[in-house]
file run_2.cif (mmCIF, C-alpha atoms and all ligand atoms)
data_protein
#
loop_
_atom_site.group_PDB
_atom_site.id
_atom_site.type_symbol
_atom_site.label_atom_id
_atom_site.label_comp_id
_atom_site.auth_asym_id
_atom_site.auth_seq_id
_atom_site.Cartn_x
_atom_site.Cartn_y
_atom_site.Cartn_z
ATOM 1 C CA MET N 10 102.913 98.474 131.022
ATOM 2 C CA LYS N 11 101.226 95.668 129.072
ATOM 3 C CA LYS N 12 103.122 94.230 126.120
ATOM 4 C CA LEU N 13 101.119 94.797 122.954
ATOM 5 C CA MET N 14 101.032 91.935 120.470
ATOM 6 C CA ALA N 15 99.481 93.359 117.321
ATOM 7 C CA ALA N 16 98.489 91.702 114.054
ATOM 8 C CA ASN N 17 98.272 93.623 110.796
ATOM 9 C CA TRP N 18 96.328 91.643 108.219
ATOM 10 C CA LYS N 19 96.893 94.228 105.452
ATOM 11 C CA MET N 20 94.744 93.457 102.366
ATOM 12 C CA TYR N 21 94.192 89.783 103.140
ATOM 13 C CA LYS N 22 91.094 87.744 104.042
ATOM 14 C CA ASN N 23 87.424 87.956 103.144
ATOM 15 C CA ARG N 24 84.870 88.044 105.946
ATOM 16 C CA ALA N 25 84.585 84.280 106.360
ATOM 17 C CA GLU N 26 88.364 83.806 106.415
ATOM 18 C CA ALA N 27 88.800 86.655 108.868
ATOM 19 C CA LYS N 28 86.137 85.260 111.186
ATOM 20 C CA ALA N 29 87.636 81.762 111.076
ATOM 21 C CA THR N 30 91.158 83.016 111.814
ATOM 22 C CA ALA N 31 90.032 85.278 114.657
ATOM 23 C CA GLU N 32 87.979 82.469 116.229
ATOM 24 C CA ASP N 33 90.859 80.033 115.887
ATOM 25 C CA LEU N 34 93.188 82.539 117.542
ATOM 26 C CA ILE N 35 90.779 83.189 120.416
ATOM 27 C CA ASN N 36 90.324 79.448 121.021
ATOM 28 C CA ARG N 37 94.075 79.069 121.287
ATOM 29 C CA ILE N 38 94.755 82.005 123.624
ATOM 30 C CA ALA N 39 91.556 82.061 125.734
ATOM 31 C CA GLY N 40 92.470 81.830 129.401
ATOM 32 C CA LYS N 41 96.195 81.814 128.586
ATOM 33 C CA LEU N 42 96.943 85.431 127.763
ATOM 34 C CA PRO N 43 98.986 86.803 130.689
ATOM 35 C CA GLU N 44 97.602 89.831 132.555
ATOM 36 C CA ASP N 45 100.449 91.942 131.219
ATOM 37 C CA ARG N 46 99.697 91.173 127.557
ATOM 38 C CA GLU N 47 97.302 92.792 125.143
ATOM 39 C CA VAL N 48 96.340 91.499 121.690
ATOM 40 C CA VAL N 49 95.208 93.767 118.861
ATOM 41 C CA ILE N 50 94.051 92.692 115.412
ATOM 42 C CA ALA N 51 94.156 95.262 112.628
ATOM 43 C CA ALA N 52 91.917 93.924 109.877
ATOM 44 C CA PRO N 53 90.678 95.221 106.513
ATOM 45 C CA TYR N 54 87.580 97.421 106.776
ATOM 46 C CA THR N 55 85.293 94.761 105.314
ATOM 47 C CA ALA N 56 86.345 92.225 107.956
ATOM 48 C CA LEU N 57 86.180 94.493 111.008
ATOM 49 C CA GLU N 58 82.673 93.519 112.027
ATOM 50 C CA SER N 59 83.290 89.755 111.899
ATOM 51 C CA VAL N 60 86.656 90.000 113.653
ATOM 52 C CA GLY N 61 85.109 92.293 116.272
ATOM 53 C CA ALA N 62 82.409 89.689 116.930
ATOM 54 C CA ALA N 63 85.063 87.020 117.488
ATOM 55 C CA LEU N 64 87.013 89.260 119.893
ATOM 56 C CA ALA N 65 83.934 90.442 121.813
ATOM 57 C CA GLY N 66 84.151 89.721 125.526
ATOM 58 C CA GLN N 67 87.775 88.560 125.356
ATOM 59 C CA ALA N 68 89.838 90.302 128.002
ATOM 60 C CA ARG N 69 92.692 92.413 126.641
ATOM 61 C CA CYS N 70 91.831 91.689 122.973
ATOM 62 C CA SER N 71 91.034 94.708 120.811
ATOM 63 C CA LEU N 72 90.060 95.550 117.263
ATOM 64 C CA SER N 73 92.021 97.973 115.108
ATOM 65 C CA ALA N 74 91.621 99.615 111.731
ATOM 66 C CA GLU N 75 94.614 99.800 109.411
ATOM 67 C CA ASN N 76 93.982 103.425 108.552
ATOM 68 C CA LEU N 77 91.523 106.293 109.016
ATOM 69 C CA TYR N 78 90.659 109.612 107.441
ATOM 70 C CA PRO N 79 91.063 112.698 109.644
ATOM 71 C CA ALA N 80 87.586 114.228 109.348
ATOM 72 C CA GLU N 81 84.272 113.681 111.132
ATOM 73 C CA GLU N 82 82.270 113.089 107.967
ATOM 74 C CA GLY N 83 81.825 114.661 104.563
ATOM 75 C CA ALA N 84 82.577 114.404 100.882
ATOM 76 C CA TYR N 85 85.649 112.141 101.120
ATOM 77 C CA THR N 86 84.829 109.355 98.697
ATOM 78 C CA GLY N 87 86.373 106.056 99.701
ATOM 79 C CA GLU N 88 87.444 107.176 103.163
ATOM 80 C CA ILE N 89 86.424 106.074 106.673
ATOM 81 C CA SER N 90 86.182 108.268 109.791
ATOM 82 C CA PRO N 91 87.164 107.450 113.396
ATOM 83 C CA ALA N 92 83.466 107.590 114.386
ATOM 84 C CA MET N 93 82.668 104.920 111.777
ATOM 85 C CA LEU N 94 85.511 102.771 113.063
ATOM 86 C CA LYS N 95 84.326 103.106 116.654
ATOM 87 C CA ASP N 96 80.805 102.260 115.521
ATOM 88 C CA VAL N 97 82.071 98.919 114.184
ATOM 89 C CA GLY N 98 83.983 98.210 117.399
ATOM 90 C CA CYS N 99 87.486 99.536 116.781
ATOM 91 C CA THR N 100 89.422 100.986 119.685
ATOM 92 C CA TYR N 101 92.722 101.307 117.792
ATOM 93 C CA ALA N 102 93.888 102.435 114.357
ATOM 94 C CA LEU N 103 97.234 102.269 112.595
ATOM 95 C CA ALA N 104 98.669 105.365 110.950
ATOM 96 C CA GLY N 105 101.596 105.794 108.624
ATOM 97 C CA HIS N 106 102.329 102.182 107.764
ATOM 98 C CA SER N 107 105.265 102.146 105.342
ATOM 99 C CA GLU N 108 103.072 100.617 102.642
ATOM 100 C CA ARG N 109 100.754 103.616 102.861
ATOM 101 C CA ARG N 110 103.685 106.015 102.838
ATOM 102 C CA SER N 111 105.385 104.374 99.843
ATOM 103 C CA ILE N 112 102.469 103.058 97.755
ATOM 104 C CA ILE N 113 99.720 105.579 98.522
ATOM 105 C CA GLY N 114 102.121 108.490 98.973
ATOM 106 C CA GLU N 115 101.135 109.585 102.488
ATOM 107 C CA THR N 116 103.371 112.279 103.925
ATOM 108 C CA SER N 117 104.518 112.417 107.538
ATOM 109 C CA GLU N 118 102.441 115.586 107.975
ATOM 110 C CA PHE N 119 99.266 113.816 106.836
ATOM 111 C CA VAL N 120 100.093 110.879 109.097
ATOM 112 C CA GLY N 121 100.403 113.369 111.967
ATOM 113 C CA GLU N 122 96.934 114.721 111.195
ATOM 114 C CA LYS N 123 95.554 111.192 111.374
ATOM 115 C CA VAL N 124 97.231 110.443 114.708
ATOM 116 C CA ALA N 125 95.937 113.651 116.281
ATOM 117 C CA PHE N 126 92.437 113.301 114.870
ATOM 118 C CA GLY N 127 92.130 109.658 115.852
ATOM 119 C CA LEU N 128 93.189 110.444 119.419
ATOM 120 C CA LYS N 129 90.850 113.420 119.699
ATOM 121 C CA ASN N 130 88.046 111.131 118.572
ATOM 122 C CA GLY N 131 88.711 108.408 121.109
ATOM 123 C CA LEU N 132 90.892 105.903 119.257
ATOM 124 C CA ALA N 133 94.262 104.676 120.459
ATOM 125 C CA MET N 134 96.782 105.197 117.660
ATOM 126 C CA ILE N 135 99.684 103.051 116.479
ATOM 127 C CA LEU N 136 102.084 105.311 114.594
ATOM 128 C CA CYS N 137 104.322 103.307 112.242
ATOM 129 C CA ILE N 138 107.785 104.593 111.432
ATOM 130 C CA GLY N 139 110.962 103.181 109.926
ATOM 131 C CA GLU N 140 113.713 103.673 107.397
ATOM 132 C CA THR N 141 114.281 102.145 103.957
ATOM 133 C CA ILE N 142 117.438 100.181 103.204
ATOM 134 C CA GLU N 143 118.804 103.131 101.215
ATOM 135 C CA GLN N 144 118.296 105.422 104.190
ATOM 136 C CA ARG N 145 119.993 102.914 106.517
ATOM 137 C CA LYS N 146 122.966 102.572 104.169
ATOM 138 C CA ALA N 147 123.214 106.348 104.012
ATOM 139 C CA GLY N 148 123.397 106.511 107.824
ATOM 140 C CA GLU N 149 120.042 108.253 108.077
ATOM 141 C CA VAL N 150 118.179 105.975 110.497
ATOM 142 C CA GLN N 151 118.009 108.531 113.301
ATOM 143 C CA LYS N 152 117.192 111.348 110.928
ATOM 144 C CA VAL N 153 114.227 109.403 109.499
ATOM 145 C CA ILE N 154 112.944 108.354 112.927
ATOM 146 C CA ASP N 155 113.319 111.910 114.165
ATOM 147 C CA GLU N 156 111.397 113.381 111.237
ATOM 148 C CA GLN N 157 108.616 110.763 111.298
ATOM 149 C CA LEU N 158 108.106 111.085 115.067
ATOM 150 C CA GLU N 159 108.243 114.875 115.039
ATOM 151 C CA ALA N 160 105.592 115.173 112.306
ATOM 152 C CA GLY N 161 103.585 112.128 113.384
ATOM 153 C CA LEU N 162 103.171 113.333 116.974
ATOM 154 C CA LYS N 163 102.953 117.055 116.273
ATOM 155 C CA ASP N 164 99.365 117.697 117.285
ATOM 156 C CA VAL N 165 98.822 114.980 119.868
ATOM 157 C CA PRO N 166 96.436 116.438 122.473
ATOM 158 C CA ALA N 167 98.207 117.326 125.740
ATOM 159 C CA ASP N 168 95.924 115.148 127.892
ATOM 160 C CA PHE N 169 96.499 111.871 126.007
ATOM 161 C CA ALA N 170 96.749 108.627 127.958
ATOM 162 C CA PRO N 171 100.267 107.184 127.470
ATOM 163 C CA GLU N 172 98.986 103.732 126.529
ATOM 164 C CA SER N 173 96.895 105.260 123.737
ATOM 165 C CA VAL N 174 99.891 106.433 121.698
ATOM 166 C CA VAL N 175 101.951 103.509 120.443
ATOM 167 C CA ILE N 176 104.999 103.720 118.174
ATOM 168 C CA ALA N 177 105.726 100.805 115.842
ATOM 169 C CA TYR N 178 109.312 100.811 114.575
ATOM 170 C CA GLU N 179 109.237 98.814 111.356
ATOM 171 C CA PRO N 180 112.400 99.043 109.254
ATOM 172 C CA VAL N 181 111.052 98.850 105.705
ATOM 173 C CA TRP N 182 113.746 96.390 104.619
ATOM 174 C CA ALA N 183 112.586 93.905 107.272
ATOM 175 C CA ILE N 184 108.904 93.949 106.291
ATOM 176 C CA GLY N 185 107.796 90.802 104.507
ATOM 177 C CA THR N 186 111.385 89.890 103.635
ATOM 178 C CA GLY N 187 112.152 87.274 106.288
ATOM 179 C CA GLU N 188 115.099 89.480 107.224
ATOM 180 C CA VAL N 189 114.495 90.468 110.830
ATOM 181 C CA ALA N 190 116.544 93.395 112.131
ATOM 182 C CA GLY N 191 119.512 92.413 114.297
ATOM 183 C CA GLU N 192 119.245 92.747 118.074
ATOM 184 C CA ASP N 193 121.716 95.625 118.141
ATOM 185 C CA GLU N 194 119.815 97.418 115.393
ATOM 186 C CA ILE N 195 116.533 97.031 117.264
ATOM 187 C CA ILE N 196 118.026 98.141 120.586
ATOM 188 C CA GLU N 197 119.645 101.166 118.985
ATOM 189 C CA ALA N 198 116.540 102.279 117.083
ATOM 190 C CA HIS N 199 114.175 101.720 120.012
ATOM 191 C CA GLY N 200 116.559 103.541 122.343
ATOM 192 C CA PHE N 201 116.538 106.473 119.973
ATOM 193 C CA VAL N 202 112.728 106.412 119.780
ATOM 194 C CA ARG N 203 112.531 106.444 123.595
ATOM 195 C CA LYS N 204 114.935 109.375 123.761
ATOM 196 C CA LYS N 205 112.892 111.284 121.238
ATOM 197 C CA LEU N 206 109.672 110.514 123.144
ATOM 198 C CA LYS N 207 111.353 111.830 126.282
ATOM 199 C CA ASN N 208 112.032 115.125 124.522
ATOM 200 C CA ILE N 209 108.471 115.456 123.283
ATOM 201 C CA PHE N 210 106.575 114.005 126.265
ATOM 202 C CA PRO N 211 108.849 114.303 129.324
ATOM 203 C CA GLU N 212 106.086 113.171 131.669
ATOM 204 C CA LYS N 213 104.756 110.184 129.736
ATOM 205 C CA PHE N 214 107.558 108.793 127.590
ATOM 206 C CA ASN N 215 108.304 105.860 129.891
ATOM 207 C CA GLU N 216 104.728 104.582 129.828
ATOM 208 C CA MET N 217 104.403 104.725 126.033
ATOM 209 C CA ARG N 218 104.834 101.498 124.123
ATOM 210 C CA ILE N 219 107.328 100.977 121.318
ATOM 211 C CA LEU N 220 106.644 97.939 119.103
ATOM 212 C CA TYR N 221 109.021 96.242 116.701
ATOM 213 C CA GLY N 222 107.726 95.082 113.310
ATOM 214 C CA GLY N 223 109.407 93.297 110.420
ATOM 215 C CA SER N 224 109.513 89.522 109.901
ATOM 216 C CA VAL N 225 108.436 88.679 113.458
ATOM 217 C CA LYS N 226 107.725 84.941 113.698
ATOM 218 C CA PRO N 227 106.884 82.454 116.472
ATOM 219 C CA GLY N 228 110.566 81.451 116.533
ATOM 220 C CA ASN N 229 112.039 84.940 117.075
ATOM 221 C CA CYS N 230 109.308 86.763 119.014
ATOM 222 C CA ALA N 231 110.399 85.872 122.562
ATOM 223 C CA GLN N 232 113.949 87.136 121.961
ATOM 224 C CA ILE N 233 112.694 90.342 120.369
ATOM 225 C CA ILE N 234 110.238 91.298 123.117
ATOM 226 C CA ALA N 235 112.926 90.698 125.743
ATOM 227 C CA LEU N 236 115.104 93.494 124.290
ATOM 228 C CA ASP N 237 115.394 96.920 125.933
ATOM 229 C CA ASN N 238 112.593 99.295 125.011
ATOM 230 C CA VAL N 239 110.638 96.664 123.053
ATOM 231 C CA ASP N 240 107.092 96.727 124.396
ATOM 232 C CA GLY N 241 105.495 94.425 121.858
ATOM 233 C CA VAL N 242 105.382 93.562 118.175
ATOM 234 C CA LEU N 243 103.446 94.415 115.030
ATOM 235 C CA VAL N 244 103.182 91.332 112.855
ATOM 236 C CA GLY N 245 102.190 90.949 109.221
ATOM 237 C CA GLY N 246 102.627 87.587 107.491
ATOM 238 C CA ALA N 247 102.887 85.453 110.629
ATOM 239 C CA SER N 248 99.660 86.932 112.010
ATOM 240 C CA LEU N 249 97.504 85.589 109.180
ATOM 241 C CA ASP N 250 97.337 82.143 110.711
ATOM 242 C CA GLY N 251 95.661 81.590 114.091
ATOM 243 C CA GLU N 252 98.154 79.044 115.339
ATOM 244 C CA SER N 253 101.185 81.079 114.323
ATOM 245 C CA PHE N 254 99.863 84.314 115.832
ATOM 246 C CA SER N 255 98.751 82.534 119.018
ATOM 247 C CA GLN N 256 102.358 81.401 119.523
ATOM 248 C CA ILE N 257 103.502 84.988 119.047
ATOM 249 C CA ALA N 258 100.837 86.383 121.384
ATOM 250 C CA LEU N 259 101.830 83.924 124.118
ATOM 251 C CA ALA N 260 105.609 83.988 123.452
HETATM 252 P P1 LIG N 301 105.814 91.140 108.212
HETATM 253 O O1 LIG N 301 105.598 90.635 109.620
HETATM 254 O O2 LIG N 301 105.094 90.319 107.187
HETATM 255 O O3 LIG N 301 107.251 91.377 107.927
HETATM 256 O O4 LIG N 301 105.092 92.585 108.142
HETATM 257 C C1 LIG N 301 105.350 93.524 109.122
HETATM 258 C C2 LIG N 301 104.367 94.620 108.989
HETATM 259 O O5 LIG N 301 104.342 95.328 108.006
HETATM 260 C C3 LIG N 301 103.414 94.809 110.087
HETATM 261 O O6 LIG N 301 102.770 96.038 109.984
#
call {"tool": "encode", "arguments": {"input": "run_2.cif", "output": "structure tokens"}}
result
Amino acid sequence: MKKLMAANWKMYKNRAEAKATAEDLINRIAGKLPEDREVVIAAPYTALESVGAALAGQARCSLSAENLYPAEEGAYTGEISPAMLKDVGCTYALAGHSERRSIIGETSEFVGEKVAFGLKNGLAMILCIGETIEQRKAGEVQKVIDEQLEAGLKDVPADFAPESVVIAYEPVWAIGTGEVAGEDEIIEAHGFVRKKLKNIFPEKFNEMRILYGGSVKPGNCAQIIALDNVDGVLVGGASLDGESFSQIALA
């Protein structure tokens, strides 16, 4: 199973900035990325084409969208379909990032529709889950993970390839705060995710990747990816700079 080192650029970078960062990253990791590592960059829609051009031909480097709309085409003003994303070079998409759940109001059911539709239309999907600080304090971590996985994976097609369904555990309180989750917290949450995956996909759960996200930096990445059931990272702030993300990708 390849470790997946994923960048999420959120709503940062115009086309020129995105191109420069992606090229800088590629220069730094070219020829150095181990065989058992994969790099994914999730970029804003407007930057996908330029980032895709920078990644083209690079082994184990893929382009991702940060979102998709679960329909082939139609009257969905402002939305983007999986076919459009594939046309611009995406092979991955994120679904259910906590910012979309909390700011845009996406429900777990809608996130589940996106995951299923993206997979059926040939994209690998990174399903983001995670609890708020209030939920953690209330002892609801497992309840939240359970609910978000149940709804998010509800209609996954039976024949999916295990590497094409990725879970990103991102505790909301660790995102953009500099407060990385403790090792015990990560091990416990990822262990619970694996157990839940075993219930849902008894044949594939061990080949599915579980990423950690939330204040991952060059200085803490190696320790995090060495933990049980951590198969990579999803990185926000520290992925915006080529040098910083190259250190993470090669950690
Ligand atoms: P930070 O790495 O900035 O905490 O963001 C994490 C994240 O939201 C990745 O999707």
call {"tool": "atom_distance", "arguments": {"input": "run_2.cif", "atom1": "atom CA of Lys226 of chain N", "atom2": "atom CA of Phe254 of chain N"}}
result
8.2 Å
call {"tool": "closest_atom_pairs", "arguments": {"input": "run_2.cif", "of": "chain N", "to": "ligand LIG 301 (chain N)", "cutoff": "10 Å", "atoms": "only C-alpha atoms and all ligand atoms", "output": "CSV"}}
result
residue,atom,partner,partner_atom,distance
N:Ala15,CA,N:LIG301,C3,8.4
N:Ala16,CA,N:LIG301,C3,7.0
N:Asn17,CA,N:LIG301,O6,5.2
N:Trp18,CA,N:LIG301,C3,8.0
N:Lys19,CA,N:LIG301,O6,7.6
N:Ala51,CA,N:LIG301,O6,9.0
N:Glu75,CA,N:LIG301,O6,9.0
N:Leu103,CA,N:LIG301,O6,8.7
N:Gly105,CA,N:LIG301,O6,9.9
N:His106,CA,N:LIG301,O6,6.5
N:Ser107,CA,N:LIG301,O5,7.4
N:Glu108,CA,N:LIG301,O5,7.6
N:Cys137,CA,N:LIG301,O6,7.8
N:Ala177,CA,N:LIG301,O6,8.1
N:Tyr178,CA,N:LIG301,O6,9.3
N:Glu179,CA,N:LIG301,C2,6.8
N:Pro180,CA,N:LIG301,C1,9.0
N:Val181,CA,N:LIG301,O5,7.9
N:Trp182,CA,N:LIG301,O3,8.8
N:Ala183,CA,N:LIG301,O3,5.9
N:Ile184,CA,N:LIG301,O3,3.5
N:Gly185,CA,N:LIG301,O3,3.5
N:Thr186,CA,N:LIG301,O3,6.1
N:Gly187,CA,N:LIG301,O3,6.6
N:Glu188,CA,N:LIG301,O3,8.1
N:Val189,CA,N:LIG301,O3,7.9
N:Tyr221,CA,N:LIG301,C3,8.8
N:Gly222,CA,N:LIG301,C1,5.1
N:Gly223,CA,N:LIG301,O3,3.8
N:Ser224,CA,N:LIG301,O3,3.5
N:Val225,CA,N:LIG301,O1,5.2
N:Lys226,CA,N:LIG301,O1,7.3
N:Val242,CA,N:LIG301,C3,8.4
N:Leu243,CA,N:LIG301,C3,5.0
N:Val244,CA,N:LIG301,O1,4.1
N:Gly245,CA,N:LIG301,O1,3.4
N:Gly246,CA,N:LIG301,O2,3.7
N:Ala247,CA,N:LIG301,O1,5.9
N:Ser248,CA,N:LIG301,O1,7.4
N:Leu249,CA,N:LIG301,O2,9.2
call {"tool": "resolve_selection", "arguments": {"input": "run_2.cif", "expression": "the PyMOL selection byres (((chain N and resi 140) around 8) and not hetatm)", "output": "VMD selection string"}}
result
chain N and resid 138 to 139 141 to 142 144 to 145 149 to 150 153 to 154 179 to 182
call {"tool": "residues_around", "arguments": {"input": "run_2.cif", "residues": "Ile257 of chain N", "least_positions_apart": "4", "cutoff": "7 Å", "atoms": "all atoms listed in the file", "output": "list in words"}}
result
Lys226, Pro227, Cys230 and Ser253 of chain N
call {"tool": "residues_near_point", "arguments": {"input": "run_2.cif", "point": "(86.7, 93.3, 108.8)", "cutoff": "12 Å", "atoms": "all atoms listed in the file", "output": "VMD selection string"}}
result
chain N and resid 17 to 31 50 to 64 72 to 75 94 97 to 99
call {"tool": "write_last_selection", "arguments": {"input": "run_2.cif", "atoms": "C-alpha atoms", "output": "tab-separated table (two decimals), in the coordinates of the input"}}
result
chain	number	residue	atom	x	y	z
N	17	ASN	CA	98.27	93.62	110.80
N	18	TRP	CA	96.33	91.64	108.22
N	19	LYS	CA	96.89	94.23	105.45
N	20	MET	CA	94.74	93.46	102.37
N	21	TYR	CA	94.19	89.78	103.14
N	22	LYS	CA	91.09	87.74	104.04
N	23	ASN	CA	87.42	87.96	103.14
N	24	ARG	CA	84.87	88.04	105.95
N	25	ALA	CA	84.58	84.28	106.36
N	26	GLU	CA	88.36	83.81	106.42
N	27	ALA	CA	88.80	86.66	108.87
N	28	LYS	CA	86.14	85.26	111.19
N	29	ALA	CA	87.64	81.76	111.08
N	30	THR	CA	91.16	83.02	111.81
N	31	ALA	CA	90.03	85.28	114.66
N	50	ILE	CA	94.05	92.69	115.41
N	51	ALA	CA	94.16	95.26	112.63
N	52	ALA	CA	91.92	93.92	109.88
N	53	PRO	CA	90.68	95.22	106.51
N	54	TYR	CA	87.58	97.42	106.78
N	55	THR	CA	85.29	94.76	105.31
N	56	ALA	CA	86.34	92.22	107.96
N	57	LEU	CA	86.18	94.49	111.01
N	58	GLU	CA	82.67	93.52	112.03
N	59	SER	CA	83.29	89.76	111.90
N	60	VAL	CA	86.66	90.00	113.65
N	61	GLY	CA	85.11	92.29	116.27
N	62	ALA	CA	82.41	89.69	116.93
N	63	ALA	CA	85.06	87.02	117.49
N	64	LEU	CA	87.01	89.26	119.89
N	72	LEU	CA	90.06	95.55	117.26
N	73	SER	CA	92.02	97.97	115.11
N	74	ALA	CA	91.62	99.62	111.73
N	75	GLU	CA	94.61	99.80	109.41
N	94	LEU	CA	85.51	102.77	113.06
N	97	VAL	CA	82.07	98.92	114.18
N	98	GLY	CA	83.98	98.21	117.40
N	99	CYS	CA	87.49	99.54	116.78
call {"tool": "residues_near_point", "arguments": {"input": "run_2.cif", "point": "(94.2, 106.4, 120.8)", "cutoff": "12 Å", "atoms": "all atoms listed in the file", "output": "number ranges by chain"}}
result
N: 73-74, 91, 95, 99-104, 123-136, 162, 165-166, 168-176, 217
call {"tool": "atom_distance", "arguments": {"input": "run_2.cif", "atom1": "atom CA of Asp193 of chain N", "atom2": "atom CA of Leu259 of chain N"}}
result
23.8 Å
call {"tool": "atom_distance", "arguments": {"input": "run_2.cif", "atom1": "atom CA of Gln151 of chain N", "atom2": "atom CA of Ile196 of chain N"}}
result
12.7 Å
call {"tool": "axis_aligned_box", "arguments": {"input": "run_2.cif", "around": "segment 93-102 of chain N", "padding_each_side": "6 Å", "output": "lines of an AutoDock Vina configuration file"}}
result
center_x = 87.3
center_y = 101.6
center_z = 115.7
size_x = 25.1
size_y = 18.7
size_z = 19.9
call {"tool": "resolve_selection", "arguments": {"input": "run_2.cif", "expression": "the PyMOL selection byres (((chain N and resi 36) around 12) and not hetatm)", "output": "PyMOL selection string"}}
result
chain N and resi 29-35+37-42+63-64+67+251-252+254-255
call {"tool": "write_last_selection", "arguments": {"input": "run_2.cif", "atoms": "C-alpha atoms", "output": "PDB file, in the coordinates of the input"}}
result
ATOM      1  CA  ALA N  29      87.636  81.762 111.076  1.00  0.00           C
ATOM      2  CA  THR N  30      91.158  83.016 111.814  1.00  0.00           C
ATOM      3  CA  ALA N  31      90.032  85.278 114.657  1.00  0.00           C
ATOM      4  CA  GLU N  32      87.979  82.469 116.229  1.00  0.00           C
ATOM      5  CA  ASP N  33      90.859  80.033 115.887  1.00  0.00           C
ATOM      6  CA  LEU N  34      93.188  82.539 117.542  1.00  0.00           C
ATOM      7  CA  ILE N  35      90.779  83.189 120.416  1.00  0.00           C
ATOM      8  CA  ARG N  37      94.075  79.069 121.287  1.00  0.00           C
ATOM      9  CA  ILE N  38      94.755  82.005 123.624  1.00  0.00           C
ATOM     10  CA  ALA N  39      91.556  82.061 125.734  1.00  0.00           C
ATOM     11  CA  GLY N  40      92.470  81.830 129.401  1.00  0.00           C
ATOM     12  CA  LYS N  41      96.195  81.814 128.586  1.00  0.00           C
ATOM     13  CA  LEU N  42      96.943  85.431 127.763  1.00  0.00           C
ATOM     14  CA  ALA N  63      85.063  87.020 117.488  1.00  0.00           C
ATOM     15  CA  LEU N  64      87.013  89.260 119.893  1.00  0.00           C
ATOM     16  CA  GLN N  67      87.775  88.560 125.356  1.00  0.00           C
ATOM     17  CA  GLY N 251      95.661  81.590 114.091  1.00  0.00           C
ATOM     18  CA  GLU N 252      98.154  79.044 115.339  1.00  0.00           C
ATOM     19  CA  PHE N 254      99.863  84.314 115.832  1.00  0.00           C
ATOM     20  CA  SER N 255      98.751  82.534 119.018  1.00  0.00           C
TER      21      SER N 255
END
call {"tool": "closest_residue", "arguments": {"input": "run_2.cif", "among": "N:Leu236, N:Ala190, N:Ala231, N:Ala160", "to": "Ala258 of chain N", "atoms": "only C-alpha atoms"}}
result
N:Ala231
call {"tool": "closest_residue", "arguments": {"input": "run_2.cif", "among": "N:Asp250, N:Leu13, N:Lys146, N:Glu159", "to": "Ile219 of chain N", "atoms": "all atoms listed in the file"}}
result
N:Leu13
call {"tool": "closest_residue", "arguments": {"input": "run_2.cif", "among": "N:Glu81, N:Lys12, N:Asp155, N:Ser90", "to": "Asn238 of chain N", "atoms": "all atoms listed in the file"}}
result
N:Lys12
call {"tool": "closest_residue", "arguments": {"input": "run_2.cif", "among": "N:Ala84, N:Met14, N:Ile209, N:Ala68", "to": "Ala260 of chain N", "atoms": "only C-alpha atoms"}}
result
N:Met14
